[in-house]
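S.K.: Just protein12.txt, nothing more (compact mmCIF, C-alpha atoms):
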# COMPACT_ATOMS: atom_id res chain seq x y z
CA MET A 29 99.52 126.68 90.85
CA LEU A 30 95.76 126.53 90.33
CA LYS A 31 95.30 122.75 90.87
CA PRO A 32 97.07 122.58 94.25
CA ILE A 33 95.09 125.61 95.46
CA LEU A 34 91.81 124.01 94.32
CA LYS A 35 92.69 120.86 96.25
CA ILE A 36 93.05 122.91 99.44
CA PHE A 37 89.64 124.55 99.01
CA ASN A 38 87.87 121.43 97.82
CA GLY A 39 88.82 119.41 100.89
CA LYS A 40 90.91 116.26 100.95
CA ALA A 41 92.54 114.94 97.79
CA LYS A 42 91.06 111.76 96.35
CA LYS A 43 92.09 108.76 98.43
CA LYS A 44 94.52 106.34 96.81
CA ARG A 45 92.92 103.01 95.95
CA ALA A 46 94.33 99.79 97.32
CA CYS A 47 96.48 98.05 94.74
CA VAL A 48 98.77 95.13 93.99
CA PRO A 49 102.23 95.60 92.42
CA ASP A 50 102.39 96.60 88.76
CA GLY A 51 102.47 93.67 86.38
CA GLU A 52 100.83 91.24 88.81
CA ARG A 53 97.39 89.65 88.59
CA LEU A 54 95.82 87.72 91.46
CA TYR A 55 92.90 85.31 91.42
CA VAL A 56 91.75 84.68 95.01
CA ILE A 57 89.33 81.79 95.53
CA GLY A 58 87.02 81.42 98.52
CA ASP A 59 86.10 78.30 100.50
CA ILE A 60 85.54 75.34 98.15
CA HIS A 61 84.35 72.77 100.71
CA GLY A 62 84.43 69.71 98.48
CA ARG A 63 82.50 71.27 95.58
CA LEU A 64 84.67 69.84 92.81
CA ASP A 65 82.06 70.72 90.18
CA LEU A 66 82.21 74.45 91.01
CA PHE A 67 85.99 74.42 91.47
CA ASP A 68 86.53 72.76 88.09
CA ALA A 69 84.25 75.30 86.38
CA LEU A 70 86.03 78.19 88.10
CA VAL A 71 89.49 76.88 87.17
CA ARG A 72 88.43 76.81 83.51
CA ALA A 73 86.95 80.31 83.75
CA ILE A 74 90.10 81.68 85.38
CA GLU A 75 92.30 80.13 82.71
CA GLU A 76 90.18 81.75 79.98
CA ASP A 77 90.05 85.09 81.80
CA ASP A 78 93.81 85.15 82.29
CA LYS A 79 94.37 84.38 78.64
CA GLN A 80 92.03 87.19 77.57
CA SER A 81 93.44 89.74 80.04
CA GLY A 82 96.93 90.11 78.58
CA GLU A 83 100.42 89.52 79.93
CA ALA A 84 100.91 89.50 83.71
CA GLU A 85 102.63 87.63 86.49
CA THR A 86 99.62 85.60 87.60
CA THR A 87 99.22 84.03 91.03
CA ILE A 88 96.31 81.98 92.37
CA ILE A 89 95.49 82.16 96.08
CA LEU A 90 93.11 79.67 97.72
CA LEU A 91 91.76 80.96 101.04
CA GLY A 92 91.48 77.55 102.69
CA ASP A 93 88.69 75.09 103.56
CA LEU A 94 89.14 73.04 100.43
CA VAL A 95 87.68 70.07 102.32
CA ASP A 96 84.55 68.94 104.24
CA ARG A 97 80.80 69.42 103.81
CA GLY A 98 80.68 69.04 100.01
CA PRO A 99 80.87 65.59 98.37
CA HIS A 100 84.28 65.60 96.65
CA SER A 101 87.05 66.81 98.97
CA ALA A 102 89.51 64.21 97.66
CA GLY A 103 88.84 65.38 94.10
CA VAL A 104 89.31 69.05 95.04
CA ILE A 105 92.71 68.25 96.56
CA GLN A 106 93.69 66.29 93.46
CA LEU A 107 92.63 69.08 91.08
CA ALA A 108 94.45 71.71 93.14
CA GLN A 109 97.66 69.69 92.93
CA LEU A 110 97.25 69.16 89.19
CA TRP A 111 96.65 72.88 88.62
CA GLU A 112 99.79 73.62 90.63
CA GLU A 113 101.87 71.82 88.01
CA TYR A 114 101.54 74.76 85.63
CA ARG A 115 100.28 77.63 87.78
CA ALA A 116 101.79 79.59 90.67
CA ILE A 117 99.38 78.75 93.49
CA ARG A 118 99.49 79.65 97.19
CA TYR A 119 97.20 78.10 99.78
CA LEU A 120 95.95 79.33 103.14
CA PHE A 121 95.37 76.95 106.05
CA GLY A 122 91.72 76.88 107.04
CA ASN A 123 90.03 75.59 110.18
CA HIS A 124 88.72 72.58 108.25
CA GLU A 125 92.21 71.62 107.12
CA GLU A 126 93.24 71.91 110.76
CA MET A 127 90.41 69.61 111.94
CA PHE A 128 91.06 67.11 109.16
CA LEU A 129 94.78 66.79 109.88
CA ASP A 130 94.39 66.75 113.67
CA SER A 131 91.79 63.97 113.37
CA PHE A 132 94.45 61.46 112.34
CA ASP A 133 95.93 61.59 115.86
CA ASP A 134 93.20 62.89 118.17
CA LEU A 135 89.90 61.05 118.65
CA GLU A 136 88.25 64.04 120.34
CA VAL A 137 89.05 66.25 117.33
CA MET A 138 87.87 63.37 115.11
CA ARG A 139 84.42 63.53 116.74
CA HIS A 140 84.28 67.28 116.14
CA PHE A 141 85.46 66.79 112.55
CA LEU A 142 82.70 64.25 111.85
CA LYS A 143 80.03 66.71 113.04
CA HIS A 144 81.27 69.49 110.73
CA GLY A 145 81.54 67.88 107.33
CA GLY A 146 84.14 65.21 107.94
CA ARG A 147 81.74 62.43 106.99
CA GLU A 148 81.63 63.70 103.41
CA THR A 149 85.41 63.96 103.30
CA ILE A 150 85.89 60.37 104.44
CA LEU A 151 83.32 59.10 101.92
CA SER A 152 85.15 60.98 99.14
CA TYR A 153 88.20 58.78 99.74
CA GLY A 154 86.32 55.62 98.81
CA VAL A 155 84.74 54.57 102.12
CA SER A 156 81.20 53.29 101.51
CA GLU A 157 78.22 54.65 103.42
CA LYS A 158 77.56 51.19 104.86
CA GLN A 159 81.14 50.90 106.08
CA PHE A 160 81.00 54.41 107.51
CA ASN A 161 77.73 53.81 109.34
CA ASN A 162 78.95 50.52 110.84
CA SER A 163 82.26 51.91 112.11
CA SER A 164 83.16 53.37 115.48
CA THR A 165 85.02 56.67 115.73
CA GLU A 166 88.29 54.82 116.26
CA GLU A 167 87.59 52.55 113.28
CA LEU A 168 86.85 55.61 111.11
CA GLN A 169 90.14 57.13 112.20
CA ASN A 170 91.94 53.96 111.10
CA LEU A 171 90.06 54.00 107.80
CA MET A 172 91.24 57.58 107.20
CA ILE A 173 94.82 56.60 107.95
CA ASP A 174 94.50 53.78 105.45
CA LYS A 175 92.57 55.60 102.71
CA VAL A 176 93.98 59.15 102.65
CA PRO A 177 97.29 59.27 100.76
CA LYS A 178 100.22 60.59 102.77
CA SER A 179 100.88 62.95 99.86
CA ASP A 180 97.49 64.63 100.47
CA ARG A 181 98.29 65.14 104.15
CA LYS A 182 101.72 66.54 103.27
CA PHE A 183 100.09 68.88 100.74
CA LEU A 184 97.62 70.26 103.30
CA LYS A 185 100.34 70.67 105.94
CA SER A 186 102.24 72.95 103.52
CA PHE A 187 99.51 75.62 103.56
CA GLU A 188 100.34 79.12 104.82
CA ASP A 189 98.69 81.15 107.60
CA MET A 190 98.88 84.62 106.01
CA ILE A 191 99.86 86.17 102.68
CA ILE A 192 100.52 89.84 101.94
CA VAL A 193 100.62 91.26 98.41
CA GLY A 194 100.66 95.03 97.94
CA ASP A 195 97.89 96.67 99.97
CA TYR A 196 96.06 93.38 100.57
CA LEU A 197 96.36 90.78 103.29
CA PHE A 198 94.95 87.31 102.63
CA VAL A 199 93.92 85.02 105.47
CA HIS A 200 91.36 82.28 106.02
CA ALA A 201 89.11 83.67 108.77
CA GLY A 202 90.43 87.12 109.62
CA ILE A 203 92.84 88.83 112.00
CA ASN A 204 92.66 89.97 115.60
CA PRO A 205 92.41 93.76 115.23
CA ASN A 206 94.02 94.18 118.66
CA ARG A 207 97.27 92.48 117.66
CA ALA A 208 100.07 93.54 115.33
CA LEU A 209 100.40 91.40 112.20
CA ASP A 210 103.58 89.73 113.42
CA ASP A 211 101.83 88.86 116.71
CA GLN A 212 98.78 87.13 115.24
CA LYS A 213 97.90 83.67 116.62
CA PRO A 214 97.46 80.88 114.02
CA ARG A 215 94.26 79.61 115.64
CA GLU A 216 92.64 83.06 115.42
CA LEU A 217 93.66 83.37 111.77
CA ARG A 218 91.72 80.13 111.11
CA TRP A 219 88.72 80.53 113.46
CA ILE A 220 88.07 84.19 114.38
CA ARG A 221 84.67 85.72 113.66
CA ASP A 222 82.94 88.53 115.60
CA LYS A 223 85.99 90.38 116.93
CA PHE A 224 87.23 90.70 113.35
CA LEU A 225 83.93 91.01 111.50
CA ASP A 226 82.55 93.71 113.83
CA HIS A 227 85.70 95.87 113.67
CA LYS A 228 84.91 99.07 111.75
CA ASP A 229 88.28 100.81 111.55
CA ARG A 230 90.78 100.26 108.78
CA HIS A 231 93.56 97.72 109.20
CA SER A 232 97.10 98.13 107.88
CA HIS A 233 95.90 96.27 104.74
CA ILE A 234 92.54 95.39 103.24
CA VAL A 235 91.90 91.89 104.58
CA VAL A 236 90.55 89.35 102.09
CA HIS A 237 89.04 86.34 103.85
CA GLY A 238 86.66 83.42 103.73
CA HIS A 239 85.37 81.29 106.65
CA THR A 240 82.16 83.23 107.34
CA ILE A 241 79.47 82.44 104.79
CA THR A 242 77.47 85.25 103.22
CA GLU A 243 75.09 84.84 100.31
CA GLU A 244 76.59 87.91 98.63
CA ILE A 245 80.19 89.14 98.44
CA GLU A 246 80.94 91.36 101.46
CA GLU A 247 82.86 94.52 100.56
CA ARG A 248 83.78 96.74 103.48
CA LYS A 249 86.30 99.57 103.77
CA ASN A 250 88.62 97.30 105.76
CA ARG A 251 87.86 93.79 104.47
CA ILE A 252 86.40 91.69 101.65
CA GLY A 253 84.62 88.41 102.45
CA ILE A 254 84.32 85.93 99.59
CA ASP A 255 82.97 82.76 101.20
CA THR A 256 79.70 82.81 99.26
CA GLY A 257 78.65 79.34 100.40
CA ALA A 258 79.84 76.89 97.74
CA TYR A 259 78.30 73.95 99.62
CA LYS A 260 75.32 75.88 101.05
CA PHE A 261 74.26 78.28 98.30
CA GLY A 262 76.06 76.75 95.29
CA THR A 263 78.27 79.77 94.53
CA LEU A 264 82.08 79.73 94.48
CA THR A 265 83.74 83.13 94.16
CA ALA A 266 87.13 84.33 92.89
CA LEU A 267 88.31 87.89 93.49
CA VAL A 268 90.49 89.25 90.67
CA LEU A 269 93.04 91.92 91.62
CA GLU A 270 95.18 93.85 89.14
CA GLY A 271 96.69 97.29 89.65
CA ASP A 272 94.12 99.29 91.64
CA THR A 273 91.11 97.43 90.21
CA ARG A 274 89.12 94.51 91.48
CA ARG A 275 86.39 92.36 90.01
CA TYR A 276 84.88 88.93 90.55
CA ILE A 277 84.31 85.65 88.74
CA GLN A 278 81.75 83.21 90.15
CA ALA A 279 80.85 79.62 89.38
CA VAL A 280 77.15 79.32 90.19
CA GLU A 281 75.34 76.01 90.42
CA LYS A 282 72.50 75.50 87.93
CA LYS A 283 69.78 74.19 90.21
CA LYS A 284 67.60 72.49 87.60
CA LYS A 285 69.93 71.59 84.74
CA GLY A 286 73.02 70.69 86.73
CA GLY A 287 76.52 71.98 86.03
CA ALA A 288 77.64 75.56 86.67
CA LYS A 289 77.35 78.91 84.93
CA ILE A 290 80.06 81.56 85.07
CA VAL A 291 79.20 85.07 86.23
CA HIS A 292 81.46 88.13 86.00
CA LEU A 293 80.91 91.00 88.46
CA GLN A 294 82.50 94.38 89.04
CA ALA A 295 83.40 95.54 92.54
CA THR A 296 80.88 97.89 94.11
CA ASP A 297 83.47 99.62 96.29
CA GLU A 298 87.08 100.13 95.27
CA GLY A 299 88.09 102.22 98.27
Would you mind writing the file's structure down as structure tokens?
M.R.:
Amino acid sequence: MLKPILKIFNGKAKKKRACVPDGERLYVIGDIHGRLDLFDALVRAIEEDDKQSGEAETTIILLGDLVDRGPHSAGVIQLAQLWEEYRAIRYLFGNHEEMFLDSFDDLEVMRHFLKHGGRETILSYGVSEKQFNNSSTEELQNLMIDKVPKSDRKFLKSFEDMIIVGDYLFVHAGINPNRALDDQKPRELRWIRDKFLDHKDRHSHIVVHGHTITEEIEERKNRIGIDTGAYKFGTLTALVLEGDTRRYIQAVEKKKKGGAKIVHLQATDEG
């Protein structure tokens, strides 16, 4: 009888931590943006971590924006598909995947794509800088149609808009806090910023997202942002979820020596 009485006088009972189902382990990777070097290092680190962490049903989730800005988008897509041969991997559809795919049919989108990292993506498929610089927008579109394997386009088209596991919701950019989950608009899930980022109240789930770059991991009571600027700051982050715990693995670019170092971090807030 004493413990229940103490709970009444001591205020609210300790809040339950967000969790994933028992026996599951998730590795959630932020925006890669063509940084094959960091992605390759993080894949190796995740494989080692999973091996050292004991038995579990392991799933990898990529939050989208595999392509654009960084130099090796084609290589990132290839590695993701190779990894999928022996890992359970789920992918979220980012705004850069949307621009890339729409550019094959829409010249206006193609122009937008080229201004936001599309140049690097096209070059990664074997188009030379000279050929790129001497081509019109329409000619570049035709080069993409010729150079990008149909299998890569099919792979990107298969990506999901939203994933829910336990108390967590995974999405590329965020959610509209004024809409129910089953009423969310795909474009907002891929592009939203301020309306989602500025929302202070809790959602139905803790939302794990990328899309908006921050130099450090953003942990809030209602969301976790893990786009730590792979192409801009040289850091690619994976969130590790198991039971009611969370931690992080990062591949961080070595500025002087080249290559990447692996950093392990604990969560600062597990509310």
S.K.: One decimal, in Å: what's the spacing between CA of Phe141 in chain A and CA of Met127 in chain A?
M.R.: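 So the answer is 5.7 Å.
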S.K.: Could you tell me how far CA of Val95 in chain A lies from CA of Leu107 in chain A, in Å and to one decimal?
M.R.: 12.3 Å
S.K.: Please determine, counting all atoms listed in the file, which residue among A:Asp272, A:Glu125, A:Glu243, A:Glu113 has the shortest atom-to-atom distance to His144 in chain A.
M.R.: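 Ranking A:Asp272, A:Glu125, A:Glu243, A:Glu113 by distance to His144 in chain A, first place goes to A:Glu125.
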S.K.: Could you produce a table of the residues of range 76-138 of chain A lying within 7 Å of range 184-203 of chain A, with the nearest pair of atoms per residue and their separation in Å rounded to one decimal, using only C-alpha atoms, ordered by chain and increasing residue number, as a Markdown table?
M.R.:
| residue | atom | partner | partner_atom | distance |
| --- | --- | --- | --- | --- |
| A:Leu91 | CA | A:His200 | CA | 5.2 |
| A:Gly92 | CA | A:His200 | CA | 5.8 |
| A:Tyr119 | CA | A:Phe187 | CA | 5.1 |
| A:Leu120 | CA | A:Glu188 | CA | 4.7 |
| A:Phe121 | CA | A:Phe187 | CA | 5.0 |
| A:Gly122 | CA | A:His200 | CA | 5.5 |
| A:Glu125 | CA | A:Leu184 | CA | 6.8 |
S.K.: Find the residues with any atom within 10 Å of (102.2, 90.9, 88.0); use all atoms listed in the file and the coordinates as given in the file, and write the answer as a PDB file with C-alpha atoms, keeping the file's coordinate frame.
M.R.:
ATOM      1  CA  VAL A  48      98.770  95.130  93.990  1.00  0.00           C
ATOM      2  CA  PRO A  49     102.230  95.600  92.420  1.00  0.00           C
ATOM      3  CA  ASP A  50     102.390  96.600  88.760  1.00  0.00           C
ATOM      4  CA  GLY A  51     102.470  93.670  86.380  1.00  0.00           C
ATOM      5  CA  GLU A  52     100.830  91.240  88.810  1.00  0.00           C
ATOM      6  CA  ARG A  53      97.390  89.650  88.590  1.00  0.00           C
ATOM      7  CA  LEU A  54      95.820  87.720  91.460  1.00  0.00           C
ATOM      8  CA  GLU A  83     100.420  89.520  79.930  1.00  0.00           C
ATOM      9  CA  ALA A  84     100.910  89.500  83.710  1.00  0.00           C
ATOM     10  CA  GLU A  85     102.630  87.630  86.490  1.00  0.00           C
ATOM     11  CA  THR A  86      99.620  85.600  87.600  1.00  0.00           C
ATOM     12  CA  THR A  87      99.220  84.030  91.030  1.00  0.00           C
ATOM     13  CA  LEU A 269      93.040  91.920  91.620  1.00  0.00           C
ATOM     14  CA  GLU A 270      95.180  93.850  89.140  1.00  0.00           C
ATOM     15  CA  GLY A 271      96.690  97.290  89.650  1.00  0.00           C
TER      16      GLY A 271
END
S.K.: Using only C-alpha atoms, find the one residue out of A:Ala116, A:Asp68, A:Lys285, A:Thr240 that sits nearest to Tyr55 in chain A.
M.R.: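 Comparing A:Ala116, A:Asp68, A:Lys285, A:Thr240 against Tyr55 in chain A, the winner is A:Ala116.
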S.K.: Near His231 in chain A, within 12 Å and counting all atoms listed in the file, which residues show up once chain neighbours fewer than 5 positions away are dropped, as a compact mmCIF listing (two decimals) with C-alpha atoms, in the coordinates of the input?
M.R.:
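Generated file (out32.txt):
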# COMPACT_ATOMS: atom_id res chain seq x y z
CA ASP A 195 97.89 96.67 99.97
CA TYR A 196 96.06 93.38 100.57
CA LEU A 197 96.36 90.78 103.29
CA GLY A 202 90.43 87.12 109.62
CA ILE A 203 92.84 88.83 112.00
CA ASN A 204 92.66 89.97 115.60
CA PRO A 205 92.41 93.76 115.23
CA ASN A 206 94.02 94.18 118.66
CA ARG A 207 97.27 92.48 117.66
CA ALA A 208 100.07 93.54 115.33
CA LEU A 209 100.40 91.40 112.20
CA PHE A 224 87.23 90.70 113.35
CA LEU A 225 83.93 91.01 111.50
CA VAL A 236 90.55 89.35 102.09
CA ARG A 248 83.78 96.74 103.48
CA LYS A 249 86.30 99.57 103.77
CA ASN A 250 88.62 97.30 105.76
CA ARG A 251 87.86 93.79 104.47
S.K.: Between A:Glu126, A:Glu157, A:Glu148, A:Asp210, single out the one closest to Arg181 in chain A, counting all atoms listed in the file.
M.R.: A:Glu126
S.K.: Using all atoms listed in the file, which protein or nucleic acid residues come within 10 Å of Ala102 in chain A? Drop anything in the same chain fewer than 4 positions from it, and give the result as an NGL selection string.
M.R.: :A and (62 or 64 or 94-96 or 106-107 or 148-154 or 176-177 or 180)
S.K.: Could you please take those selected residues and save C-alpha atoms as a PDB file, keeping the file's coordinate frame?
M.R.:
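The new file out.pdb reads:
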ATOM      1  CA  GLY A  62      84.430  69.710  98.480  1.00  0.00           C
ATOM      2  CA  LEU A  64      84.670  69.840  92.810  1.00  0.00           C
ATOM      3  CA  LEU A  94      89.140  73.040 100.430  1.00  0.00           C
ATOM      4  CA  VAL A  95      87.680  70.070 102.320  1.00  0.00           C
ATOM      5  CA  ASP A  96      84.550  68.940 104.240  1.00  0.00           C
ATOM      6  CA  GLN A 106      93.690  66.290  93.460  1.00  0.00           C
ATOM      7  CA  LEU A 107      92.630  69.080  91.080  1.00  0.00           C
ATOM      8  CA  GLU A 148      81.630  63.700 103.410  1.00  0.00           C
ATOM      9  CA  THR A 149      85.410  63.960 103.300  1.00  0.00           C
ATOM     10  CA  ILE A 150      85.890  60.370 104.440  1.00  0.00           C
ATOM     11  CA  LEU A 151      83.320  59.100 101.920  1.00  0.00           C
ATOM     12  CA  SER A 152      85.150  60.980  99.140  1.00  0.00           C
ATOM     13  CA  TYR A 153      88.200  58.780  99.740  1.00  0.00           C
ATOM     14  CA  GLY A 154      86.320  55.620  98.810  1.00  0.00           C
ATOM     15  CA  VAL A 176      93.980  59.150 102.650  1.00  0.00           C
ATOM     16  CA  PRO A 177      97.290  59.270 100.760  1.00  0.00           C
ATOM     17  CA  ASP A 180      97.490  64.630 100.470  1.00  0.00           C
TER      18      ASP A 180
END
S.K.: Do you have the CA of Arg230 in chain A-CA of Thr256 in chain A distance handy?
M.R.: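 Calculated distance between CA of Arg230 in chain A and CA of Thr256 in chain A is 22.8 Å.
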S.K.: Determine the axis-aligned bounding box of all atoms of range 68-78 of chain A present in the file, pad each side by 3 Å, and express its centre and edge lengths in Å to one decimal place as lines of an AutoDock Vina configuration file.
M.R.:
center_x = 89.0
center_y = 79.0
center_z = 84.0
size_x = 15.6
size_y = 18.4
size_z = 14.1
S.K.: For range 144-167 of chain A of the block above, can you save N, CA, C and O atoms as a PDB file, in the first residue's frame?
M.R.:
ATOM      1  N   HIS A 144      19.506  22.456 -57.386  1.00  0.00           N
ATOM      2  CA  HIS A 144      19.511  21.936 -56.016  1.00  0.00           C
ATOM      3  C   HIS A 144      20.215  20.585 -55.918  1.00  0.00           C
ATOM      4  O   HIS A 144      19.748  19.680 -55.234  1.00  0.00           O
ATOM      5  N   GLY A 145      21.342  20.480 -56.613  1.00  0.00           N
ATOM      6  CA  GLY A 145      22.166  19.291 -56.470  1.00  0.00           C
ATOM      7  C   GLY A 145      22.042  18.269 -57.576  1.00  0.00           C
ATOM      8  O   GLY A 145      22.725  17.242 -57.560  1.00  0.00           O
ATOM      9  N   GLY A 146      21.186  18.536 -58.549  1.00  0.00           N
ATOM     10  CA  GLY A 146      21.009  17.585 -59.643  1.00  0.00           C
ATOM     11  C   GLY A 146      22.228  17.438 -60.536  1.00  0.00           C
ATOM     12  O   GLY A 146      22.459  16.383 -61.123  1.00  0.00           O
ATOM     13  N   ARG A 147      23.001  18.520 -60.647  1.00  0.00           N
ATOM     14  CA  ARG A 147      24.221  18.455 -61.461  1.00  0.00           C
ATOM     15  C   ARG A 147      25.110  17.311 -60.994  1.00  0.00           C
ATOM     16  O   ARG A 147      25.595  16.505 -61.795  1.00  0.00           O
ATOM     17  N   GLU A 148      25.337  17.240 -59.682  1.00  0.00           N
ATOM     18  CA  GLU A 148      26.208  16.203 -59.123  1.00  0.00           C
ATOM     19  C   GLU A 148      25.633  14.809 -59.367  1.00  0.00           C
ATOM     20  O   GLU A 148      26.380  13.851 -59.608  1.00  0.00           O
ATOM     21  N   THR A 149      24.308  14.695 -59.311  1.00  0.00           N
ATOM     22  CA  THR A 149      23.686  13.397 -59.560  1.00  0.00           C
ATOM     23  C   THR A 149      23.913  12.954 -60.996  1.00  0.00           C
ATOM     24  O   THR A 149      24.272  11.796 -61.260  1.00  0.00           O
ATOM     25  N   ILE A 150      23.718  13.858 -61.942  1.00  0.00           N
ATOM     26  CA  ILE A 150      23.924  13.517 -63.350  1.00  0.00           C
ATOM     27  C   ILE A 150      25.374  13.131 -63.613  1.00  0.00           C
ATOM     28  O   ILE A 150      25.661  12.135 -64.294  1.00  0.00           O
ATOM     29  N   LEU A 151      26.313  13.886 -63.054  1.00  0.00           N
ATOM     30  CA  LEU A 151      27.733  13.565 -63.235  1.00  0.00           C
ATOM     31  C   LEU A 151      28.067  12.183 -62.657  1.00  0.00           C
ATOM     32  O   LEU A 151      28.920  11.470 -63.187  1.00  0.00           O
ATOM     33  N   SER A 152      27.390  11.806 -61.585  1.00  0.00           N
ATOM     34  CA  SER A 152      27.688  10.509 -60.948  1.00  0.00           C
ATOM     35  C   SER A 152      27.299   9.332 -61.823  1.00  0.00           C
ATOM     36  O   SER A 152      27.758   8.206 -61.597  1.00  0.00           O
ATOM     37  N   TYR A 153      26.470   9.579 -62.833  1.00  0.00           N
ATOM     38  CA  TYR A 153      26.077   8.509 -63.763  1.00  0.00           C
ATOM     39  C   TYR A 153      26.949   8.472 -65.016  1.00  0.00           C
ATOM     40  O   TYR A 153      26.586   7.850 -66.009  1.00  0.00           O
ATOM     41  N   GLY A 154      28.100   9.121 -64.956  1.00  0.00           N
ATOM     42  CA  GLY A 154      29.068   8.978 -66.039  1.00  0.00           C
ATOM     43  C   GLY A 154      29.038  10.067 -67.092  1.00  0.00           C
ATOM     44  O   GLY A 154      29.722   9.953 -68.118  1.00  0.00           O
ATOM     45  N   VAL A 155      28.292  11.136 -66.867  1.00  0.00           N
ATOM     46  CA  VAL A 155      28.303  12.282 -67.772  1.00  0.00           C
ATOM     47  C   VAL A 155      29.501  13.157 -67.409  1.00  0.00           C
ATOM     48  O   VAL A 155      29.707  13.472 -66.237  1.00  0.00           O
ATOM     49  N   SER A 156      30.306  13.526 -68.391  1.00  0.00           N
ATOM     50  CA  SER A 156      31.494  14.340 -68.106  1.00  0.00           C
ATOM     51  C   SER A 156      31.101  15.789 -67.849  1.00  0.00           C
ATOM     52  O   SER A 156      30.036  16.247 -68.275  1.00  0.00           O
ATOM     53  N   GLU A 157      31.975  16.504 -67.153  1.00  0.00           N
ATOM     54  CA  GLU A 157      31.707  17.923 -66.881  1.00  0.00           C
ATOM     55  C   GLU A 157      31.611  18.717 -68.180  1.00  0.00           C
ATOM     56  O   GLU A 157      30.771  19.612 -68.311  1.00  0.00           O
ATOM     57  N   LYS A 158      32.460  18.385 -69.143  1.00  0.00           N
ATOM     58  CA  LYS A 158      32.436  19.092 -70.431  1.00  0.00           C
ATOM     59  C   LYS A 158      31.103  18.858 -71.130  1.00  0.00           C
ATOM     60  O   LYS A 158      30.492  19.794 -71.642  1.00  0.00           O
ATOM     61  N   GLN A 159      30.658  17.604 -71.135  1.00  0.00           N
ATOM     62  CA  GLN A 159      29.379  17.281 -71.772  1.00  0.00           C
ATOM     63  C   GLN A 159      28.225  17.975 -71.052  1.00  0.00           C
ATOM     64  O   GLN A 159      27.303  18.508 -71.686  1.00  0.00           O
ATOM     65  N   PHE A 160      28.296  17.986 -69.729  1.00  0.00           N
ATOM     66  CA  PHE A 160      27.255  18.657 -68.943  1.00  0.00           C
ATOM     67  C   PHE A 160      27.212  20.147 -69.278  1.00  0.00           C
ATOM     68  O   PHE A 160      26.141  20.703 -69.528  1.00  0.00           O
ATOM     69  N   ASN A 161      28.365  20.784 -69.247  1.00  0.00           N
ATOM     70  CA  ASN A 161      28.420  22.232 -69.457  1.00  0.00           C
ATOM     71  C   ASN A 161      27.995  22.648 -70.867  1.00  0.00           C
ATOM     72  O   ASN A 161      27.536  23.778 -71.076  1.00  0.00           O
ATOM     73  N   ASN A 162      28.141  21.766 -71.830  1.00  0.00           N
ATOM     74  CA  ASN A 162      27.812  22.083 -73.222  1.00  0.00           C
ATOM     75  C   ASN A 162      26.403  21.647 -73.617  1.00  0.00           C
ATOM     76  O   ASN A 162      26.035  21.729 -74.792  1.00  0.00           O
ATOM     77  N   SER A 163      25.619  21.180 -72.658  1.00  0.00           N
ATOM     78  CA  SER A 163      24.289  20.649 -72.967  1.00  0.00           C
ATOM     79  C   SER A 163      23.192  21.607 -72.500  1.00  0.00           C
ATOM     80  O   SER A 163      23.302  22.259 -71.461  1.00  0.00           O
ATOM     81  N   SER A 164      22.127  21.660 -73.265  1.00  0.00           N
ATOM     82  CA  SER A 164      20.942  22.409 -72.855  1.00  0.00           C
ATOM     83  C   SER A 164      20.171  21.589 -71.811  1.00  0.00           C
ATOM     84  O   SER A 164      20.470  20.415 -71.581  1.00  0.00           O
ATOM     85  N   THR A 165      19.177  22.225 -71.205  1.00  0.00           N
ATOM     86  CA  THR A 165      18.371  21.506 -70.223  1.00  0.00           C
ATOM     87  C   THR A 165      17.706  20.289 -70.848  1.00  0.00           C
ATOM     88  O   THR A 165      17.682  19.208 -70.262  1.00  0.00           O
ATOM     89  N   GLU A 166      17.184  20.454 -72.046  1.00  0.00           N
ATOM     90  CA  GLU A 166      16.536  19.328 -72.727  1.00  0.00           C
ATOM     91  C   GLU A 166      17.540  18.230 -73.060  1.00  0.00           C
ATOM     92  O   GLU A 166      17.241  17.037 -72.918  1.00  0.00           O
ATOM     93  N   GLU A 167      18.738  18.616 -73.459  1.00  0.00           N
ATOM     94  CA  GLU A 167      19.780  17.619 -73.754  1.00  0.00           C
ATOM     95  C   GLU A 167      20.202  16.882 -72.483  1.00  0.00           C
ATOM     96  O   GLU A 167      20.447  15.667 -72.507  1.00  0.00           O
TER      97      GLU A 167
END
